[in-house]
Amino acid sequence: MARHSKWSKVKTFKGAIDAKRGKMFSKLAREVMVAARLGGGDPETNARLRMVLLRCRAASMPGENVERAIKKGTGDTSGVTFEDLTYEIFAPHGVALLVELTTDNRNRTAAEIRSLVTKAGGNIAGAGSVARLFHRKGQIIVATGAAEEDELMGVALDAGAEDYKVEPEGFEVITDPARFEAVHKAVESRGIVCAAAQVTALPTLTVPVSGAAAEVVSGLIEAIEDHDDVKELWHNAEFAD
């Protein structure tokens, strides 16, 4: 079941079963290809590619898969045009979904996403209706045992982090999106391994769901996340254990 917890998402991202790992690698390869096609194959000059490569590393995606996707993206680019889309969705039971996609066929993607949402009893929201319920932040997650609390906090805050949280599973560093790369580089320069690191969308408030409602909402989230064109999905549901 999809959870709001960042730790559950990290565990899912890091420990997917083989079938889901294959799907994940396929989606990441597509993102690498698109990023390379739009901005070139050098991550030093392509911020979008740098961000995707962080996710590839967190997912333990083989290097040869990454290199192949970069070469494909920087090869013959004629005949295919990709565009980025954002869908704002009100799922059943008051849950908000913010979805980012990259597609080469806007009409096909729109029809497929709308079908998934409608079948679940949700609806596509107007621009800004859902986005206002989230704020963009850099997020760095470090598992317990990967760093000493005082060292990580000092490095992160000195590099410009906004917030630092300690939880049973580990540590969370929050940054302004513009400071994310500087903070991330500072953390990694100390040999600290990050469980996850990305610019994300954090909900300003969460909506508790449980029982049958949780099953419906979770089913919709998983169906949308499984769509080939979907890059990221953020939600504000807080699922009861």
# chains A, B, ... in the order shown; residues from 1 in each chain; ligands from 1
call {"tool": "residues_around", "arguments": {"residues": "Met51 (chain A)", "least_positions_apart": "2", "cutoff": "10 Å", "atoms": "only C-alpha atoms", "output": "list in words"}}
result
Val32, Ala35, Pro43, Asn46, Ala47, Arg48, Leu49, Leu53, Leu54, Arg55, Cys56, Glu181, Ala197, Gln198 and Val199 of chain A
call {"tool": "residues_around", "arguments": {"residues": "Gly160 (chain A)", "least_positions_apart": "2", "cutoff": "10 Å", "atoms": "only C-alpha atoms", "output": "number ranges by chain"}}
result
A: 155-158, 162-163, 174-176, 178-180, 182-183, 186
call {"tool": "residues_around", "arguments": {"residues": "region 237-241 of chain A", "least_positions_apart": "5", "cutoff": "12 Å", "atoms": "only C-alpha atoms", "output": "PDB file with C-alpha atoms, in the first residue's frame"}}
result
ATOM      1  CA  MET A   1       0.000   0.000   0.000  1.00  0.00           C
ATOM      2  CA  ALA A   2       1.290   3.493  -0.814  1.00  0.00           C
ATOM      3  CA  ARG A   3       2.207   5.456   2.285  1.00  0.00           C
ATOM      4  CA  HIS A   4       2.814   9.114   2.960  1.00  0.00           C
ATOM      5  CA  SER A   5       5.850   8.296   5.101  1.00  0.00           C
ATOM      6  CA  LYS A   6       9.130   9.223   3.414  1.00  0.00           C
ATOM      7  CA  SER A   8       8.188   3.841   3.535  1.00  0.00           C
ATOM      8  CA  PHE A  90      -8.389  15.334  -6.211  1.00  0.00           C
ATOM      9  CA  ALA A  91      -8.548  11.673  -5.268  1.00  0.00           C
ATOM     10  CA  PRO A  92     -11.514  10.308  -3.270  1.00  0.00           C
ATOM     11  CA  HIS A  93     -11.762  11.090   0.461  1.00  0.00           C
ATOM     12  CA  GLY A  94     -10.199  14.539   0.193  1.00  0.00           C
ATOM     13  CA  VAL A  95      -6.701  13.412  -0.816  1.00  0.00           C
ATOM     14  CA  ALA A  96      -4.697  15.630  -3.186  1.00  0.00           C
ATOM     15  CA  LEU A  97      -2.275  14.275  -5.805  1.00  0.00           C
ATOM     16  CA  LEU A  98       0.370  16.264  -7.670  1.00  0.00           C
ATOM     17  CA  LEU A 133      -1.221  22.384  -0.970  1.00  0.00           C
ATOM     18  CA  LEU A 202       6.075  18.257   0.527  1.00  0.00           C
ATOM     19  CA  PRO A 203       2.431  18.600   1.610  1.00  0.00           C
ATOM     20  CA  THR A 204       1.517  21.575   3.775  1.00  0.00           C
ATOM     21  CA  LEU A 205      -1.038  19.363   5.537  1.00  0.00           C
ATOM     22  CA  THR A 206      -1.936  15.688   5.460  1.00  0.00           C
ATOM     23  CA  VAL A 207      -5.285  13.889   5.218  1.00  0.00           C
ATOM     24  CA  PRO A 208      -5.717  10.738   7.354  1.00  0.00           C
ATOM     25  CA  VAL A 209      -7.279   7.769   5.547  1.00  0.00           C
ATOM     26  CA  SER A 210      -7.820   4.216   6.733  1.00  0.00           C
ATOM     27  CA  GLY A 211      -9.781   1.051   6.015  1.00  0.00           C
ATOM     28  CA  ALA A 212     -11.692   0.895   2.742  1.00  0.00           C
ATOM     29  CA  ALA A 213     -10.873   4.543   1.975  1.00  0.00           C
ATOM     30  CA  ALA A 214      -7.167   3.795   2.235  1.00  0.00           C
ATOM     31  CA  GLU A 215      -7.522   0.887  -0.191  1.00  0.00           C
ATOM     32  CA  VAL A 216      -9.234   3.086  -2.787  1.00  0.00           C
ATOM     33  CA  VAL A 217      -6.738   5.940  -2.494  1.00  0.00           C
ATOM     34  CA  SER A 218      -3.748   3.609  -2.422  1.00  0.00           C
ATOM     35  CA  LEU A 220      -5.289   5.022  -7.457  1.00  0.00           C
ATOM     36  CA  ILE A 221      -1.833   6.185  -6.390  1.00  0.00           C
TER      37      ILE A 221
END
call {"tool": "atom_distance", "arguments": {"atom1": "CA of Arg132 (chain A)", "atom2": "CA of Thr81 (chain A)"}}
result
29.3 Å
call {"tool": "atom_distance", "arguments": {"atom1": "CA of Leu85 (chain A)", "atom2": "CA of Asn105 (chain A)"}}
result
10.8 Å
